[in-house]
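Shown next, in structure tokens, is the structure this report addresses.
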Amino acid sequence: MALDLSGIKETVENLIPWDTVRITTPAAGEPVFGPVTGLYTYPEGDLVYEGDGAVQLAGTVGGVTSLPAPNLPWVDETRSKYKLLTPLRAPLAERDMLVTVVTVHPGGDLALLDRQWRVQDPAVASTMTVIRMTTLDQVQQTREVP
């Protein structure tokens, strides 16, 4: 007898204060420095998903990695542990895709806007899933002094 999780899935989805998130592929090209904002912006990639999502701290503070990783430009870059929640109808995010929060729910944290996260691993998929979880690392912004 198979366990029907459709009722639980609907209940969980209704409990989450959804923001609107955008998942894109990384675009080719170097980041561009914005002299007004003082931040680097990355070119837009291909849109994979835009819809309901929630970015959450993954329960622990970030750390420092001592080994180089493909998505880090140098050793000892901080890692910010976040997770992305999306409904099961959203496509699976793949490693190195970029996530941005486009709008926040009423009363939501406006600090989520204008930030970008990189997908660390493919989205979790399992037999008993009611919500999609994806591990994220915040893209670190740097300032350059002319």
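FYI, nothing fancy with the structure tokens labels: chains A, B, ... in order, residues from 1 per chain, ligands from 1 as they appear.
Residues lying within 6 Å of range 129-137 of chain A, counting only C-alpha atoms and ignoring same-chain neighbours fewer than 3 positions away, are Lys9, Arg79, Ser80, Lys81, Tyr82, Lys83, Leu84, Leu85, Thr86, Pro87, Leu88, Trp117, Arg118, Val119, Gln120, Ala123, Val124 and Ser126 of chain A.
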For all heavy atoms, I'd like the residues from the last selection saved as a compact mmCIF listing (two decimals), in the first residue's frame.
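again-v9.txt, freshly written:
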```
# COMPACT_ATOMS: atom_id res chain seq x y z
N LYS A 9 1.60 17.47 1.55
CA LYS A 9 2.29 18.41 0.66
C LYS A 9 1.53 19.72 0.58
O LYS A 9 2.09 20.80 0.72
CB LYS A 9 2.43 17.79 -0.74
CG LYS A 9 3.12 18.69 -1.74
CD LYS A 9 3.26 18.03 -3.09
CE LYS A 9 2.02 18.00 -3.91
NZ LYS A 9 1.50 19.26 -4.41
N ARG A 79 31.73 30.51 3.27
CA ARG A 79 30.57 29.82 2.73
C ARG A 79 29.38 30.18 3.60
O ARG A 79 29.45 30.10 4.81
CB ARG A 79 30.77 28.31 2.76
CG ARG A 79 31.76 27.85 1.73
CD ARG A 79 31.16 26.74 0.94
NE ARG A 79 32.02 26.44 -0.18
CZ ARG A 79 32.22 25.25 -0.64
NH1 ARG A 79 31.64 24.22 -0.09
NH2 ARG A 79 32.98 25.07 -1.68
N SER A 80 28.30 30.58 2.97
CA SER A 80 27.08 30.94 3.69
C SER A 80 26.08 29.82 3.49
O SER A 80 25.72 29.52 2.37
CB SER A 80 26.51 32.25 3.14
OG SER A 80 27.49 33.25 3.16
N LYS A 81 25.66 29.20 4.56
CA LYS A 81 24.79 28.04 4.46
C LYS A 81 23.32 28.45 4.43
O LYS A 81 22.78 28.88 5.45
CB LYS A 81 25.06 27.09 5.62
CG LYS A 81 26.48 26.56 5.62
CD LYS A 81 26.72 25.66 6.80
CE LYS A 81 28.14 25.15 6.77
NZ LYS A 81 28.39 24.23 7.87
N TYR A 82 22.73 28.35 3.27
CA TYR A 82 21.31 28.65 3.08
C TYR A 82 20.65 27.47 2.39
O TYR A 82 21.32 26.60 1.83
CB TYR A 82 21.14 29.89 2.19
CG TYR A 82 21.49 31.20 2.85
CD1 TYR A 82 22.80 31.66 2.88
CD2 TYR A 82 20.50 31.98 3.43
CE1 TYR A 82 23.11 32.87 3.48
CE2 TYR A 82 20.81 33.19 4.03
CZ TYR A 82 22.12 33.63 4.05
OH TYR A 82 22.42 34.82 4.65
N LYS A 83 19.33 27.47 2.43
CA LYS A 83 18.59 26.48 1.66
C LYS A 83 17.44 27.17 0.95
O LYS A 83 16.89 28.17 1.44
CB LYS A 83 18.10 25.33 2.53
CG LYS A 83 17.14 25.73 3.62
CD LYS A 83 16.78 24.55 4.49
CE LYS A 83 16.01 25.03 5.71
NZ LYS A 83 15.70 23.95 6.62
N LEU A 84 17.12 26.66 -0.20
CA LEU A 84 16.00 27.14 -0.99
C LEU A 84 14.88 26.13 -0.88
O LEU A 84 15.09 24.94 -1.06
CB LEU A 84 16.43 27.30 -2.46
CG LEU A 84 15.31 27.58 -3.47
CD1 LEU A 84 14.68 28.95 -3.23
CD2 LEU A 84 15.86 27.47 -4.89
N LEU A 85 13.68 26.61 -0.55
CA LEU A 85 12.49 25.76 -0.55
C LEU A 85 11.65 26.13 -1.75
O LEU A 85 11.40 27.32 -1.99
CB LEU A 85 11.68 25.97 0.73
CG LEU A 85 12.41 25.79 2.06
CD1 LEU A 85 11.46 26.10 3.22
CD2 LEU A 85 12.98 24.40 2.18
N THR A 86 11.23 25.14 -2.50
CA THR A 86 10.33 25.36 -3.63
C THR A 86 9.29 24.25 -3.64
O THR A 86 9.53 23.16 -3.11
CB THR A 86 11.08 25.36 -4.99
OG1 THR A 86 11.87 24.18 -5.09
CG2 THR A 86 11.96 26.60 -5.14
N PRO A 87 8.14 24.50 -4.25
CA PRO A 87 7.15 23.44 -4.39
C PRO A 87 7.70 22.32 -5.29
O PRO A 87 8.61 22.56 -6.10
CB PRO A 87 5.96 24.13 -5.06
CG PRO A 87 6.23 25.59 -5.00
CD PRO A 87 7.69 25.77 -4.81
N LEU A 88 7.16 21.15 -5.17
CA LEU A 88 7.62 20.02 -5.99
C LEU A 88 7.42 20.26 -7.48
O LEU A 88 8.12 19.68 -8.30
CB LEU A 88 6.92 18.73 -5.56
CG LEU A 88 7.30 18.21 -4.18
CD1 LEU A 88 6.51 16.93 -3.87
CD2 LEU A 88 8.79 17.96 -4.07
N TRP A 117 22.40 33.78 -4.70
CA TRP A 117 22.94 32.55 -4.13
C TRP A 117 23.29 31.60 -5.26
O TRP A 117 22.64 31.57 -6.30
CB TRP A 117 21.92 31.88 -3.21
CG TRP A 117 21.65 32.65 -1.96
CD1 TRP A 117 22.26 32.49 -0.74
CD2 TRP A 117 20.70 33.71 -1.78
NE1 TRP A 117 21.74 33.38 0.17
CE2 TRP A 117 20.78 34.14 -0.44
CE3 TRP A 117 19.78 34.34 -2.62
CZ2 TRP A 117 20.00 35.16 0.08
CZ3 TRP A 117 19.01 35.36 -2.11
CH2 TRP A 117 19.10 35.76 -0.78
N ARG A 118 24.30 30.78 -5.03
CA ARG A 118 24.71 29.76 -5.99
C ARG A 118 24.28 28.40 -5.45
O ARG A 118 24.49 28.10 -4.27
CB ARG A 118 26.23 29.80 -6.19
CG ARG A 118 26.74 28.88 -7.29
CD ARG A 118 28.23 29.03 -7.50
NE ARG A 118 28.68 30.40 -7.65
CZ ARG A 118 28.60 31.11 -8.79
NH1 ARG A 118 28.08 30.58 -9.86
NH2 ARG A 118 29.06 32.34 -8.83
N VAL A 119 23.70 27.58 -6.31
CA VAL A 119 23.28 26.24 -5.92
C VAL A 119 24.52 25.39 -5.70
O VAL A 119 25.39 25.30 -6.57
CB VAL A 119 22.36 25.61 -6.99
CG1 VAL A 119 22.04 24.16 -6.66
CG2 VAL A 119 21.09 26.43 -7.15
N GLN A 120 24.65 24.77 -4.52
CA GLN A 120 25.82 23.96 -4.20
C GLN A 120 25.71 22.55 -4.73
O GLN A 120 26.70 21.97 -5.14
CB GLN A 120 26.03 23.91 -2.69
CG GLN A 120 26.49 25.22 -2.10
CD GLN A 120 26.74 25.10 -0.62
OE1 GLN A 120 25.96 24.49 0.11
NE2 GLN A 120 27.83 25.66 -0.17
N ALA A 123 19.13 19.80 -6.45
CA ALA A 123 18.03 19.80 -5.49
C ALA A 123 17.78 18.39 -4.97
O ALA A 123 17.97 17.40 -5.67
CB ALA A 123 16.76 20.33 -6.16
N VAL A 124 17.37 18.33 -3.71
CA VAL A 124 17.09 17.05 -3.08
C VAL A 124 15.85 16.42 -3.72
O VAL A 124 14.86 17.10 -3.98
CB VAL A 124 16.85 17.26 -1.56
CG1 VAL A 124 16.41 15.98 -0.89
CG2 VAL A 124 18.09 17.81 -0.90
N SER A 126 13.57 12.71 -3.19
CA SER A 126 13.47 11.45 -2.45
C SER A 126 12.05 10.92 -2.55
O SER A 126 11.14 11.60 -3.01
CB SER A 126 13.87 11.65 -0.99
OG SER A 126 12.88 12.37 -0.29
```
If you run DSSP on this backbone, which residues of chain A come out as alpha helix (DSSP H), and could you give them as a PyMOL selection string?
-> chain A and resi 6-15
Extract, using only C-alpha atoms, all DNA, RNA and protein residues at most 10 Å from Asp46 in chain A, discarding same-chain residues fewer than 3 positions from it, and format them as a list in words.
-> Ile23, Thr24, Thr25, Pro26, Ala27, Tyr49 and Met97 of chain A
Write the residues of the preceding selection, restricted to N, CA and C atoms, as an mmCIF file, in the first residue's frame.
```
data_model
loop_
_atom_site.group_PDB
_atom_site.id
_atom_site.type_symbol
_atom_site.label_atom_id
_atom_site.label_comp_id
_atom_site.auth_asym_id
_atom_site.auth_seq_id
_atom_site.Cartn_x
_atom_site.Cartn_y
_atom_site.Cartn_z
ATOM 1 N N ILE A 23 15.393 31.276 -10.662
ATOM 2 C CA ILE A 23 16.540 30.385 -10.823
ATOM 3 C C ILE A 23 17.004 30.510 -12.262
ATOM 4 N N THR A 24 18.296 30.823 -12.440
ATOM 5 C CA THR A 24 18.856 30.973 -13.782
ATOM 6 C C THR A 24 20.143 30.173 -13.906
ATOM 7 N N THR A 25 20.508 29.894 -15.143
ATOM 8 C CA THR A 25 21.811 29.289 -15.390
ATOM 9 C C THR A 25 22.862 30.387 -15.295
ATOM 10 N N PRO A 26 24.087 30.042 -14.944
ATOM 11 C CA PRO A 26 25.120 31.079 -14.935
ATOM 12 C C PRO A 26 25.389 31.540 -16.366
ATOM 13 N N ALA A 27 25.546 32.824 -16.550
ATOM 14 C CA ALA A 27 25.818 33.360 -17.885
ATOM 15 C C ALA A 27 27.319 33.424 -18.110
ATOM 16 N N TYR A 49 13.413 28.888 -13.753
ATOM 17 C CA TYR A 49 12.184 28.890 -12.944
ATOM 18 C C TYR A 49 12.006 30.269 -12.337
ATOM 19 N N MET A 97 23.712 26.809 -10.586
ATOM 20 C CA MET A 97 22.652 27.721 -11.010
ATOM 21 C C MET A 97 22.562 28.848 -9.990
#
```
Neighbour list for Thr100 in chain A as a list in words, cut-off 10 Å, only C-alpha atoms, skip fewer than 3 positions in-chain |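 My reading of the contact set: Thr20, Val21, Arg22, Ile23, Thr24, Glu50, Gly53, Val55, Thr103, Leu112, Leu113, Asp114, Arg115, Gln116, Trp117, Arg118 and Gln138 of chain A.
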Based on the selection just made, write N, CA and C atoms of those residues as a CSV table (one decimal), in the first residue's frame.
```csv
chain,number,residue,atom,x,y,z
A,20,THR,N,8.9,35.3,-4.2
A,20,THR,CA,9.1,34.9,-5.6
A,20,THR,C,10.5,34.8,-5.8
A,21,VAL,N,11.0,33.7,-6.3
A,21,VAL,CA,12.4,33.4,-6.6
A,21,VAL,C,12.6,33.2,-8.0
A,22,ARG,N,13.8,33.5,-8.5
A,22,ARG,CA,14.2,33.2,-9.9
A,22,ARG,C,15.4,32.3,-9.9
A,23,ILE,N,15.4,31.3,-10.7
A,23,ILE,CA,16.5,30.4,-10.8
A,23,ILE,C,17.0,30.5,-12.3
A,24,THR,N,18.3,30.8,-12.4
A,24,THR,CA,18.9,31.0,-13.8
A,24,THR,C,20.1,30.2,-13.9
A,50,GLU,N,10.8,30.7,-12.3
A,50,GLU,CA,10.4,31.9,-11.5
A,50,GLU,C,9.0,31.6,-10.9
A,53,GLY,N,9.0,30.4,-3.8
A,53,GLY,CA,10.2,29.9,-3.2
A,53,GLY,C,10.5,30.6,-1.9
A,55,VAL,N,13.9,31.4,0.8
A,55,VAL,CA,15.4,31.3,1.1
A,55,VAL,C,15.5,31.3,2.6
A,103,THR,N,10.7,39.1,-5.3
A,103,THR,CA,9.8,39.9,-4.5
A,103,THR,C,9.7,39.1,-3.2
A,112,LEU,N,16.5,40.3,1.6
A,112,LEU,CA,16.7,39.2,0.6
A,112,LEU,C,16.8,39.7,-0.8
A,113,LEU,N,16.2,40.9,-1.0
A,113,LEU,CA,16.3,41.5,-2.4
A,113,LEU,C,17.7,41.9,-2.7
A,114,ASP,N,18.1,41.8,-4.0
A,114,ASP,CA,19.4,42.2,-4.5
A,114,ASP,C,20.5,41.3,-4.0
A,115,ARG,N,20.2,40.1,-3.5
A,115,ARG,CA,21.3,39.2,-3.2
A,115,ARG,C,21.2,38.0,-4.2
A,116,GLN,N,22.2,37.3,-4.2
A,116,GLN,CA,22.3,36.1,-5.2
A,116,GLN,C,22.9,35.0,-4.5
A,117,TRP,N,22.4,33.8,-4.7
A,117,TRP,CA,22.9,32.6,-4.1
A,117,TRP,C,23.3,31.6,-5.3
A,118,ARG,N,24.3,30.8,-5.0
A,118,ARG,CA,24.7,29.8,-6.0
A,118,ARG,C,24.3,28.4,-5.5
A,138,GLN,N,25.7,31.8,-0.6
A,138,GLN,CA,25.5,33.2,-1.0
A,138,GLN,C,26.7,33.7,-1.8
```
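CA of Leu98 in chain A sits 9.9 Å away from CA of Tyr42 in chain A.
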d(CA of Tyr40 in chain A, CA of Arg95 in chain A) in Å =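 For CA of Tyr40 in chain A relative to CA of Arg95 in chain A, the distance reads 21.3 Å.
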As a ChimeraX atom specification, please: all residues of chain A that backbone DSSP puts in strand (DSSP E).
-> /A:19-24,32-34,39-41,47-57,63-64,78-79,81-86,98-103,116-119,132-138
Could you save the residues just selected, with C-alpha atoms, as a PDB file, in the first residue's frame?
```
ATOM      1  CA  ASP A  19       8.469  34.851  -1.847  1.00  0.00           C
ATOM      2  CA  THR A  20       9.056  34.942  -5.597  1.00  0.00           C
ATOM      3  CA  VAL A  21      12.398  33.439  -6.563  1.00  0.00           C
ATOM      4  CA  ARG A  22      14.200  33.237  -9.891  1.00  0.00           C
ATOM      5  CA  ILE A  23      16.540  30.385 -10.823  1.00  0.00           C
ATOM      6  CA  THR A  24      18.856  30.973 -13.782  1.00  0.00           C
ATOM      7  CA  VAL A  32      30.456  44.072 -14.149  1.00  0.00           C
ATOM      8  CA  PHE A  33      31.300  46.622 -11.450  1.00  0.00           C
ATOM      9  CA  GLY A  34      28.497  49.110 -10.706  1.00  0.00           C
ATOM     10  CA  LEU A  39      28.849  45.945  -6.213  1.00  0.00           C
ATOM     11  CA  TYR A  40      29.653  43.511  -8.955  1.00  0.00           C
ATOM     12  CA  THR A  41      26.675  42.287 -10.947  1.00  0.00           C
ATOM     13  CA  LEU A  47      15.639  31.495 -16.903  1.00  0.00           C
ATOM     14  CA  VAL A  48      14.946  28.034 -15.447  1.00  0.00           C
ATOM     15  CA  TYR A  49      12.184  28.890 -12.944  1.00  0.00           C
ATOM     16  CA  GLU A  50      10.414  31.913 -11.528  1.00  0.00           C
ATOM     17  CA  GLY A  51       7.742  31.387  -8.928  1.00  0.00           C
ATOM     18  CA  ASP A  52       7.103  30.410  -5.324  1.00  0.00           C
ATOM     19  CA  GLY A  53      10.193  29.927  -3.190  1.00  0.00           C
ATOM     20  CA  ALA A  54      11.703  30.691   0.196  1.00  0.00           C
ATOM     21  CA  VAL A  55      15.355  31.270   1.101  1.00  0.00           C
ATOM     22  CA  GLN A  56      16.206  30.216   4.638  1.00  0.00           C
ATOM     23  CA  LEU A  57      19.349  30.061   6.749  1.00  0.00           C
ATOM     24  CA  GLY A  63      32.257  28.862   7.716  1.00  0.00           C
ATOM     25  CA  VAL A  64      35.514  29.149   5.874  1.00  0.00           C
ATOM     26  CA  THR A  78      33.475  32.143   3.337  1.00  0.00           C
ATOM     27  CA  ARG A  79      30.568  29.821   2.731  1.00  0.00           C
ATOM     28  CA  LYS A  81      24.790  28.037   4.458  1.00  0.00           C
ATOM     29  CA  TYR A  82      21.315  28.648   3.080  1.00  0.00           C
ATOM     30  CA  LYS A  83      18.591  26.476   1.655  1.00  0.00           C
ATOM     31  CA  LEU A  84      15.996  27.143  -0.991  1.00  0.00           C
ATOM     32  CA  LEU A  85      12.491  25.755  -0.547  1.00  0.00           C
ATOM     33  CA  THR A  86      10.327  25.361  -3.633  1.00  0.00           C
ATOM     34  CA  LEU A  98      21.926  31.150  -9.531  1.00  0.00           C
ATOM     35  CA  VAL A  99      18.997  32.010  -7.253  1.00  0.00           C
ATOM     36  CA  THR A 100      17.654  35.507  -6.610  1.00  0.00           C
ATOM     37  CA  VAL A 101      14.651  36.690  -4.613  1.00  0.00           C
ATOM     38  CA  VAL A 102      12.537  38.849  -6.926  1.00  0.00           C
ATOM     39  CA  THR A 103       9.815  39.870  -4.455  1.00  0.00           C
ATOM     40  CA  GLN A 116      22.265  36.144  -5.161  1.00  0.00           C
ATOM     41  CA  TRP A 117      22.945  32.552  -4.134  1.00  0.00           C
ATOM     42  CA  ARG A 118      24.712  29.759  -5.994  1.00  0.00           C
ATOM     43  CA  VAL A 119      23.278  26.237  -5.916  1.00  0.00           C
ATOM     44  CA  ARG A 132      11.858  20.640  -2.595  1.00  0.00           C
ATOM     45  CA  MET A 133      15.049  21.659  -0.717  1.00  0.00           C
ATOM     46  CA  THR A 134      18.215  22.916  -2.379  1.00  0.00           C
ATOM     47  CA  THR A 135      21.458  23.885  -0.637  1.00  0.00           C
ATOM     48  CA  LEU A 136      22.773  27.356  -1.434  1.00  0.00           C
ATOM     49  CA  ASP A 137      25.901  29.440  -0.904  1.00  0.00           C
ATOM     50  CA  GLN A 138      25.520  33.220  -1.008  1.00  0.00           C
TER      51      GLN A 138
END
```
